[in-house]
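For reference, target.txt is printed below; it contains compact mmCIF, C-alpha atoms.
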# COMPACT_ATOMS: atom_id res chain seq x y z
CA MET A 19 -40.65 23.29 -4.70
CA LYS A 20 -40.71 20.48 -2.15
CA LYS A 21 -41.06 17.90 -4.95
CA LYS A 22 -38.07 19.37 -6.77
CA LEU A 23 -35.96 19.30 -3.58
CA TRP A 24 -36.91 15.66 -2.90
CA THR A 25 -35.93 14.74 -6.45
CA LEU A 26 -32.51 16.34 -5.99
CA ILE A 27 -31.94 14.50 -2.69
CA LEU A 28 -32.99 11.15 -4.19
CA THR A 29 -30.72 11.70 -7.20
CA ALA A 30 -27.78 12.48 -4.89
CA VAL A 31 -28.40 9.34 -2.80
CA LEU A 32 -28.64 7.12 -5.88
CA GLY A 33 -25.52 8.70 -7.31
CA MET A 34 -23.58 8.05 -4.10
CA SER A 35 -24.73 4.41 -4.13
CA ALA A 36 -23.48 4.01 -7.66
CA VAL A 37 -20.07 5.44 -6.75
CA LEU A 38 -19.72 3.26 -3.67
CA GLY A 39 -20.99 0.23 -5.56
CA GLY A 40 -22.06 -1.47 -2.34
CA CYS A 41 -20.05 -2.24 0.78
CA GLY A 42 -16.90 -4.33 0.08
CA GLN A 43 -17.16 -4.27 -3.72
CA LYS A 44 -14.06 -3.48 -5.80
CA GLU A 45 -13.95 -0.58 -8.16
CA THR A 46 -12.46 -2.60 -11.02
CA GLU A 47 -12.03 -6.27 -11.88
CA THR A 48 -8.74 -7.85 -10.77
CA VAL A 49 -6.18 -8.22 -13.55
CA THR A 50 -4.77 -11.66 -14.36
CA ILE A 51 -1.15 -11.49 -15.49
CA ARG A 52 -0.03 -14.28 -17.82
CA ILE A 53 3.66 -14.98 -17.35
CA GLY A 54 5.96 -17.12 -19.50
CA SER A 55 9.44 -18.32 -18.57
CA LEU A 56 12.08 -20.86 -19.54
CA LYS A 57 13.03 -23.95 -17.57
CA GLY A 58 16.28 -22.73 -16.04
CA PRO A 59 17.70 -19.98 -13.84
CA THR A 60 15.12 -17.38 -14.95
CA SER A 61 12.31 -19.55 -13.60
CA MET A 62 14.24 -20.42 -10.43
CA GLY A 63 13.84 -16.87 -9.23
CA LEU A 64 10.07 -17.18 -9.63
CA VAL A 65 9.47 -20.42 -7.72
CA SER A 66 8.39 -18.76 -4.49
CA LEU A 67 5.84 -16.61 -6.32
CA MET A 68 4.66 -19.65 -8.29
CA ASP A 69 4.17 -21.54 -5.04
CA GLN A 70 2.28 -18.64 -3.47
CA THR A 71 0.03 -18.48 -6.53
CA LYS A 72 -0.64 -22.21 -6.37
CA ASN A 73 -1.62 -21.88 -2.70
CA GLY A 74 -3.77 -18.81 -3.25
CA GLU A 75 -1.37 -16.60 -1.27
CA ALA A 76 -0.13 -14.26 -4.01
CA GLY A 77 -1.14 -10.62 -3.92
CA GLN A 78 -2.35 -10.71 -7.53
CA ASN A 79 -3.76 -13.19 -10.02
CA TYR A 80 -0.95 -14.89 -11.94
CA GLU A 81 -0.93 -17.62 -14.57
CA PHE A 82 2.45 -19.23 -15.24
CA THR A 83 3.66 -21.03 -18.35
CA MET A 84 7.08 -22.66 -18.54
CA ALA A 85 8.75 -24.01 -21.69
CA ALA A 86 12.05 -25.67 -22.54
CA ALA A 87 12.59 -23.63 -25.71
CA ALA A 88 12.54 -19.85 -26.08
CA ASP A 89 10.71 -20.04 -29.43
CA GLU A 90 7.56 -21.32 -27.74
CA ILE A 91 7.50 -18.47 -25.24
CA ASN A 92 8.38 -15.85 -27.86
CA ALA A 93 5.60 -16.95 -30.20
CA ALA A 94 2.96 -16.79 -27.46
CA PHE A 95 4.24 -13.38 -26.37
CA LEU A 96 4.09 -11.97 -29.89
CA LYS A 97 0.55 -13.32 -30.36
CA GLY A 98 -0.57 -11.59 -27.17
CA ASP A 99 -1.19 -14.85 -25.31
CA LEU A 100 1.37 -13.86 -22.63
CA ASP A 101 1.70 -10.48 -20.94
CA ILE A 102 5.12 -10.81 -19.30
CA VAL A 103 7.99 -13.09 -20.30
CA LEU A 104 11.40 -13.95 -18.87
CA ILE A 105 13.70 -14.40 -21.87
CA PRO A 106 17.37 -14.02 -22.92
CA ALA A 107 18.51 -10.40 -22.88
CA ASN A 108 19.43 -10.20 -26.55
CA VAL A 109 16.15 -11.88 -27.55
CA ALA A 110 14.25 -9.09 -25.79
CA SER A 111 16.12 -6.58 -27.95
CA VAL A 112 15.32 -8.56 -31.10
CA LEU A 113 11.62 -8.69 -30.19
CA TYR A 114 11.64 -4.96 -29.43
CA HIS A 115 12.68 -4.24 -33.01
CA LYS A 116 10.42 -6.94 -34.45
CA THR A 117 7.38 -5.35 -32.79
CA GLU A 118 8.51 -1.79 -33.55
CA GLY A 119 9.03 -0.96 -29.90
CA GLN A 120 5.93 -2.63 -28.47
CA ILE A 121 7.73 -4.27 -25.55
CA ALA A 122 9.64 -2.90 -22.56
CA VAL A 123 12.01 -4.49 -20.06
CA VAL A 124 11.06 -4.16 -16.38
CA ASP A 125 13.94 -6.01 -14.72
CA ILE A 126 17.02 -8.21 -15.13
CA ASN A 127 16.29 -11.60 -13.61
CA THR A 128 19.67 -13.34 -14.01
CA LEU A 129 23.21 -12.14 -14.55
CA GLY A 130 25.97 -14.47 -15.75
CA VAL A 131 25.38 -18.23 -15.55
CA LEU A 132 28.25 -19.41 -17.77
CA TYR A 133 31.17 -21.53 -16.53
CA LEU A 134 34.15 -23.14 -18.26
CA LEU A 135 34.75 -26.69 -17.08
CA GLU A 136 37.75 -29.00 -17.31
CA SER A 137 38.94 -32.22 -15.68
CA LYS A 138 42.53 -31.08 -15.16
CA GLU A 139 44.31 -28.00 -13.81
CA THR A 140 45.34 -26.34 -17.07
CA VAL A 141 43.18 -23.21 -17.17
CA SER A 142 43.33 -20.34 -14.71
CA SER A 143 42.69 -17.40 -17.06
CA VAL A 144 41.16 -16.66 -20.44
CA ALA A 145 44.68 -16.45 -21.89
CA ASP A 146 45.07 -20.17 -21.22
CA LEU A 147 42.41 -20.94 -23.84
CA ALA A 148 44.76 -20.13 -26.74
CA GLY A 149 45.45 -23.28 -28.74
CA ARG A 150 42.69 -25.23 -27.01
CA THR A 151 39.37 -26.73 -28.11
CA VAL A 152 36.23 -25.52 -26.34
CA TYR A 153 32.88 -27.27 -26.67
CA LEU A 154 29.84 -25.05 -26.21
CA PRO A 155 26.09 -25.16 -26.93
CA GLY A 156 24.71 -23.18 -29.85
CA LYS A 157 26.43 -20.98 -32.40
CA GLY A 158 25.16 -17.41 -32.23
CA THR A 159 23.82 -17.78 -28.69
CA THR A 160 24.70 -16.07 -25.41
CA PRO A 161 27.54 -18.53 -24.56
CA ASP A 162 29.04 -17.98 -28.01
CA TYR A 163 28.86 -14.18 -27.89
CA ALA A 164 30.18 -14.00 -24.32
CA LEU A 165 33.15 -16.25 -24.98
CA GLN A 166 34.11 -14.50 -28.20
CA TYR A 167 33.97 -11.12 -26.47
CA LEU A 168 36.22 -12.34 -23.65
CA LEU A 169 38.71 -13.84 -26.11
CA GLU A 170 38.86 -10.55 -28.00
CA GLN A 171 39.29 -8.49 -24.80
CA ASN A 172 42.15 -10.75 -23.73
CA GLY A 173 43.96 -10.36 -27.04
CA ILE A 174 43.15 -13.84 -28.38
CA GLU A 175 42.09 -14.17 -32.01
CA ILE A 176 39.07 -16.39 -32.68
CA GLY A 177 41.18 -18.67 -34.86
CA GLU A 178 43.48 -19.39 -31.92
CA VAL A 179 40.68 -21.27 -30.15
CA ASP A 180 38.84 -24.16 -31.77
CA LEU A 181 35.17 -23.54 -30.94
CA GLN A 182 33.15 -26.71 -31.35
CA TYR A 183 29.41 -26.03 -31.29
CA LYS A 184 26.91 -28.59 -30.03
CA SER A 185 23.14 -28.47 -30.36
CA GLU A 186 22.53 -28.80 -26.62
CA ALA A 187 24.25 -28.88 -23.25
CA ALA A 188 23.97 -32.68 -22.96
CA GLU A 189 26.26 -33.06 -25.98
CA VAL A 190 28.86 -30.81 -24.37
CA ILE A 191 28.71 -32.92 -21.19
CA SER A 192 29.18 -36.04 -23.31
CA ALA A 193 32.24 -34.56 -25.03
CA LEU A 194 33.76 -33.75 -21.64
CA SER A 195 33.34 -37.38 -20.55
CA GLU A 196 34.86 -38.78 -23.75
CA GLU A 197 37.85 -36.44 -24.05
CA PRO A 198 39.98 -35.97 -20.89
CA ASP A 199 41.63 -32.83 -22.29
CA ALA A 200 38.38 -31.21 -23.43
CA LEU A 201 37.13 -27.86 -22.21
CA GLY A 202 33.40 -27.19 -22.03
CA LEU A 203 31.43 -23.99 -21.66
CA LEU A 204 28.07 -24.58 -19.98
CA PRO A 205 25.31 -22.52 -18.38
CA GLN A 206 23.76 -23.39 -15.04
CA PRO A 207 22.27 -25.74 -14.03
CA ALA A 208 23.92 -27.89 -16.75
CA ALA A 209 27.37 -27.00 -15.38
CA THR A 210 26.43 -28.32 -11.93
CA THR A 211 24.87 -31.44 -13.47
CA ALA A 212 28.10 -32.13 -15.37
CA CYS A 213 30.23 -31.73 -12.24
CA MET A 214 27.97 -34.06 -10.26
CA GLN A 215 28.03 -36.69 -13.00
CA GLN A 216 31.80 -36.48 -13.56
CA LYS A 217 33.58 -36.04 -10.24
CA ASP A 218 36.89 -35.01 -11.85
CA LEU A 219 35.36 -31.94 -13.50
CA ARG A 220 35.93 -28.52 -11.96
CA ILE A 221 34.95 -24.93 -12.69
CA ALA A 222 38.03 -23.41 -14.29
CA LEU A 223 36.55 -20.01 -15.17
CA ASP A 224 33.48 -18.05 -14.09
CA LEU A 225 32.67 -15.96 -17.18
CA THR A 226 30.87 -13.35 -15.07
CA GLU A 227 34.08 -12.69 -13.14
CA GLU A 228 36.12 -12.64 -16.35
CA TRP A 229 33.65 -10.16 -17.90
CA ASP A 230 33.96 -7.85 -14.92
CA LYS A 231 37.76 -7.88 -15.29
CA VAL A 232 37.70 -6.43 -18.79
CA THR A 233 34.85 -3.91 -18.64
CA MET A 234 33.36 -1.52 -16.11
CA ASP A 235 30.63 -0.24 -18.42
CA SER A 236 28.51 -3.38 -18.61
CA SER A 237 27.60 -6.64 -16.93
CA LEU A 238 27.18 -10.13 -18.33
CA VAL A 239 23.40 -10.45 -18.49
CA THR A 240 21.53 -13.69 -19.13
CA GLY A 241 17.82 -13.07 -18.66
CA VAL A 242 15.45 -10.11 -18.56
CA THR A 243 11.75 -9.68 -17.84
CA ALA A 244 9.78 -8.04 -20.65
CA VAL A 245 6.19 -6.82 -20.84
CA ARG A 246 3.91 -5.98 -23.75
CA ARG A 247 3.72 -2.20 -23.88
CA GLU A 248 -0.06 -2.18 -24.33
CA PHE A 249 -0.49 -4.31 -21.22
CA LEU A 250 1.91 -2.06 -19.28
CA GLU A 251 0.05 1.10 -20.26
CA GLN A 252 -3.32 -0.40 -19.30
CA ASN A 253 -2.17 -2.10 -16.09
CA GLU A 254 0.85 -0.16 -14.85
CA ALA A 255 0.07 -0.61 -11.15
CA ALA A 256 -0.33 -4.37 -11.60
CA VAL A 257 2.99 -4.61 -13.46
CA GLN A 258 4.73 -2.65 -10.71
CA ALA A 259 3.23 -4.97 -8.12
CA PHE A 260 4.54 -7.94 -10.09
CA VAL A 261 8.06 -6.48 -10.12
CA GLN A 262 7.86 -6.14 -6.34
CA ASP A 263 6.67 -9.76 -6.06
CA HIS A 264 9.44 -10.88 -8.42
CA MET A 265 12.07 -9.12 -6.33
CA GLU A 266 10.85 -10.82 -3.16
CA SER A 267 10.73 -14.20 -4.91
CA ALA A 268 14.30 -13.84 -6.20
CA GLN A 269 15.47 -12.87 -2.72
CA PHE A 270 13.77 -15.97 -1.33
CA ALA A 271 15.64 -18.23 -3.77
CA ASN A 272 19.00 -16.75 -2.80
CA GLU A 273 18.40 -16.75 0.95
CA ASN A 274 16.52 -20.07 1.28
CA VAL A 275 18.45 -22.32 -1.08
CA GLU A 276 17.33 -25.71 0.24
CA GLU A 277 13.65 -24.76 0.32
CA ALA A 278 13.85 -23.10 -3.08
CA ALA A 279 15.59 -26.20 -4.47
CA GLU A 280 12.67 -28.37 -3.39
CA LEU A 281 10.27 -26.06 -5.25
CA VAL A 282 12.54 -26.04 -8.31
CA ALA A 283 12.49 -29.84 -8.41
CA ALA A 284 8.73 -30.02 -7.76
CA LEU A 285 8.15 -27.74 -10.74
CA GLU A 286 10.50 -29.93 -12.83
CA ILE A 287 12.80 -27.02 -13.66
CA VAL A 288 15.67 -29.27 -12.54
CA PRO A 289 15.15 -33.04 -12.09
CA LYS A 290 16.52 -33.28 -8.55
CA ALA A 291 16.52 -30.94 -5.56
CA THR A 292 20.14 -31.90 -4.81
CA VAL A 293 21.21 -30.55 -8.21
CA ALA A 294 19.13 -27.40 -7.78
CA ALA A 295 20.59 -26.74 -4.32
CA GLN A 296 24.13 -26.86 -5.68
CA ALA A 297 23.27 -24.83 -8.80
CA ILE A 298 21.30 -21.93 -7.26
CA PRO A 299 24.34 -20.17 -5.69
CA TYR A 300 25.97 -20.13 -9.14
CA CYS A 301 22.92 -18.86 -11.04
CA ASN A 302 23.27 -15.16 -10.16
CA ILE A 303 19.51 -14.88 -9.64
CA THR A 304 18.58 -11.25 -9.17
CA CYS A 305 15.94 -8.62 -9.85
CA LEU A 306 17.71 -5.49 -11.05
CA THR A 307 15.41 -2.54 -11.70
CA GLY A 308 15.53 1.19 -12.33
CA LYS A 309 18.90 2.74 -13.16
CA ASP A 310 20.74 -0.51 -12.36
CA LEU A 311 18.65 -2.23 -15.03
CA ARG A 312 19.47 0.36 -17.67
CA THR A 313 23.19 0.53 -16.87
CA ALA A 314 23.80 -3.23 -16.86
CA LEU A 315 21.58 -4.09 -19.82
CA SER A 316 22.44 -1.21 -22.14
CA GLY A 317 26.16 -1.87 -21.69
CA TYR A 318 25.71 -5.57 -22.40
CA LEU A 319 23.66 -4.93 -25.54
CA ASP A 320 26.26 -2.42 -26.73
CA VAL A 321 28.89 -5.16 -26.50
CA LEU A 322 26.74 -7.61 -28.46
CA ALA A 323 25.92 -5.01 -31.11
CA GLY A 324 29.63 -4.35 -31.52
CA GLN A 325 30.23 -8.03 -32.20
CA ASN A 326 27.19 -8.73 -34.36
CA PRO A 327 24.34 -6.20 -34.75
CA GLU A 328 21.94 -9.01 -35.69
CA ALA A 329 22.37 -10.44 -32.18
CA VAL A 330 20.29 -7.51 -30.88
CA GLY A 331 17.95 -7.15 -33.84
CA GLY A 332 20.11 -4.85 -35.96
CA LYS A 333 20.88 -2.12 -33.43
CA VAL A 334 20.57 -1.34 -29.74
CA PRO A 335 17.06 -0.39 -28.58
CA SER A 336 15.89 3.15 -27.90
CA ASP A 337 15.43 4.58 -24.40
CA ASP A 338 11.80 3.47 -24.18
CA PHE A 339 13.03 -0.14 -24.09
CA TYR A 340 13.87 0.38 -20.41
CA TYR A 341 11.01 0.78 -17.93
CA GLU A 342 12.76 2.33 -14.96
CA PHE A 343 10.57 1.42 -12.00
CA ASP A 344 12.35 0.90 -8.68
CA PRO A 345 10.20 -0.87 -6.07
CA GLU A 346 12.65 0.06 -3.31
CA ALA A 347 12.61 3.78 -4.06

How does the structure come out when it is put into structure tokens?
Amino acid sequence: MKKKLWTLILTAVLGMSAVLGGCGQKETETVTIRIGSLKGPTSMGLVSLMDQTKNGEAGQNYEFTMAAAADEINAAFLKGDLDIVLIPANVASVLYHKTEGQIAVVDINTLGVLYLLESKETVSSVADLAGRTVYLPGKGTTPDYALQYLLEQNGIEIGEVDLQYKSEAAEVISALSEEPDALGLLPQPAATTACMQQKDLRIALDLTEEWDKVTMDSSLVTGVTAVRREFLEQNEAAVQAFVQDHMESAQFANENVEEAAELVAALEIVPKATVAAQAIPYCNITCLTGKDLRTALSGYLDVLAGQNPEAVGGKVPSDDFYYEFDPEA
């Protein structure tokens, strides 16, 4: 009887040791989150978190990858080499359909970053674009869809405006320098770069403001943060912690412009801190989550689908596209 009792006690002690795993040991291995973003406003909102990670001060393990082209980030994401990506809003919808719903959006990282530039004082409203030539980067891209929607909402037929597409922002800037009467549609920070290079240029229209004038059911959205659904299901707490970190990093960029600009330049997102400092206030860096995420993004994708269903992958995503986590709740 005594032997049996001793065996039970020893078993209990050993079992407790196994559960505790030793003083100070963690229950599970820390997750490393691999994050991909584009060199531009979406990455600007991450610079504080990137800096914390570099200095070993981040609350979680992060690995960051930045690229100039979305295709590079998208390919790595689809292969499973990245867990979270910051990509154009409509691209996230396309990838959702391409993967049969295997991604979800956790936040909006940038709202509108598009500005119409001119060197004279001829444009004060979208109506003033009738009969004019507008240079813009990329046919079938966010600038193209946004401008065409605003023309339509202001009663201007596409044929009334001569849309001249360029392969990149630098070509639009060049056209503005060569043609005094030219109008150019550029995203940030290219718009700020153009204005700094050509002192006579001015912002004639903020497309975010113009969008808000014609619709109350959507917002002009540039970038979103998407996660692989498998990774989210296996590491939900870690993803939520990232969203909290992202929100704090975006807030830092907006409230500490000069310091954030130095980090932006150091990470070669923008060549010079002076350019970054002037661009950041116009980048609409944010971290919209929860119901705000769904309202703004679903309305925007509805608009794009109405113009061209292929812009969102054939149709708007289902409800599971939106991961409604609110870190401030």

Dump as a PDB file with C-alpha atoms, in the coordinates of the input all residues having an atom at most 9 Å from (4.3, -7.3, -24.5), computed in the file's coordinates with only C-alpha atoms.
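Result saved to out_9.pdb:
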ATOM      1  CA  PHE A  95       4.240 -13.380 -26.370  1.00  0.00           C
ATOM      2  CA  LEU A  96       4.090 -11.970 -29.890  1.00  0.00           C
ATOM      3  CA  GLY A  98      -0.570 -11.590 -27.170  1.00  0.00           C
ATOM      4  CA  LEU A 100       1.370 -13.860 -22.630  1.00  0.00           C
ATOM      5  CA  ASP A 101       1.700 -10.480 -20.940  1.00  0.00           C
ATOM      6  CA  ILE A 102       5.120 -10.810 -19.300  1.00  0.00           C
ATOM      7  CA  VAL A 103       7.990 -13.090 -20.300  1.00  0.00           C
ATOM      8  CA  GLN A 120       5.930  -2.630 -28.470  1.00  0.00           C
ATOM      9  CA  ILE A 121       7.730  -4.270 -25.550  1.00  0.00           C
ATOM     10  CA  ALA A 122       9.640  -2.900 -22.560  1.00  0.00           C
ATOM     11  CA  ALA A 244       9.780  -8.040 -20.650  1.00  0.00           C
ATOM     12  CA  VAL A 245       6.190  -6.820 -20.840  1.00  0.00           C
ATOM     13  CA  ARG A 246       3.910  -5.980 -23.750  1.00  0.00           C
ATOM     14  CA  ARG A 247       3.720  -2.200 -23.880  1.00  0.00           C
ATOM     15  CA  GLU A 248      -0.060  -2.180 -24.330  1.00  0.00           C
ATOM     16  CA  PHE A 249      -0.490  -4.310 -21.220  1.00  0.00           C
ATOM     17  CA  LEU A 250       1.910  -2.060 -19.280  1.00  0.00           C
TER      18      LEU A 250
END

### Query
Rounded to one decimal in Å, what is the spacing between CA of Ala271 in chain A and CA of Leu129 in chain A?
14.5 Å

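CA of Val109 in chain A is found 22.7 Å from CA of Ala188 in chain A.
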
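Rounded to one decimal, CA of Val190 in chain A and CA of Leu204 in chain A lie 7.7 Å from each other.
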
### Task
For Asp99 in chain A, work out the shell of residues within 12 Å, counting all atoms listed in the file and skipping chain neighbours fewer than 5 positions away, then give it as a list in words.
Thr50, Ile51, Arg52, Ile53, Gly54, Glu81, Phe82, Thr83, Glu90, Ile91, Asn92, Ala93, Ala94, Val245, Arg246 and Phe249 of chain A

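Distances from A:Gly158, A:Pro289, A:Gly119, A:Gly130 to Ala329 in chain A were compared using all atoms listed in the file, and the smallest one belongs to A:Gly158.
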
#### Entry: Test item: residues at most 8 Å from Val232 in chain A, all atoms listed in the file, excluding those fewer than 4 positions along its chain, as a ChimeraX atom specification
/A:168,171-172,228

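Comparing the minimum interatomic distances between Asp224 in chain A and each of A:Gly241, A:Pro327, A:Pro205, A:Pro59, counting all atoms listed in the file, we find that A:Pro205 sits nearest.
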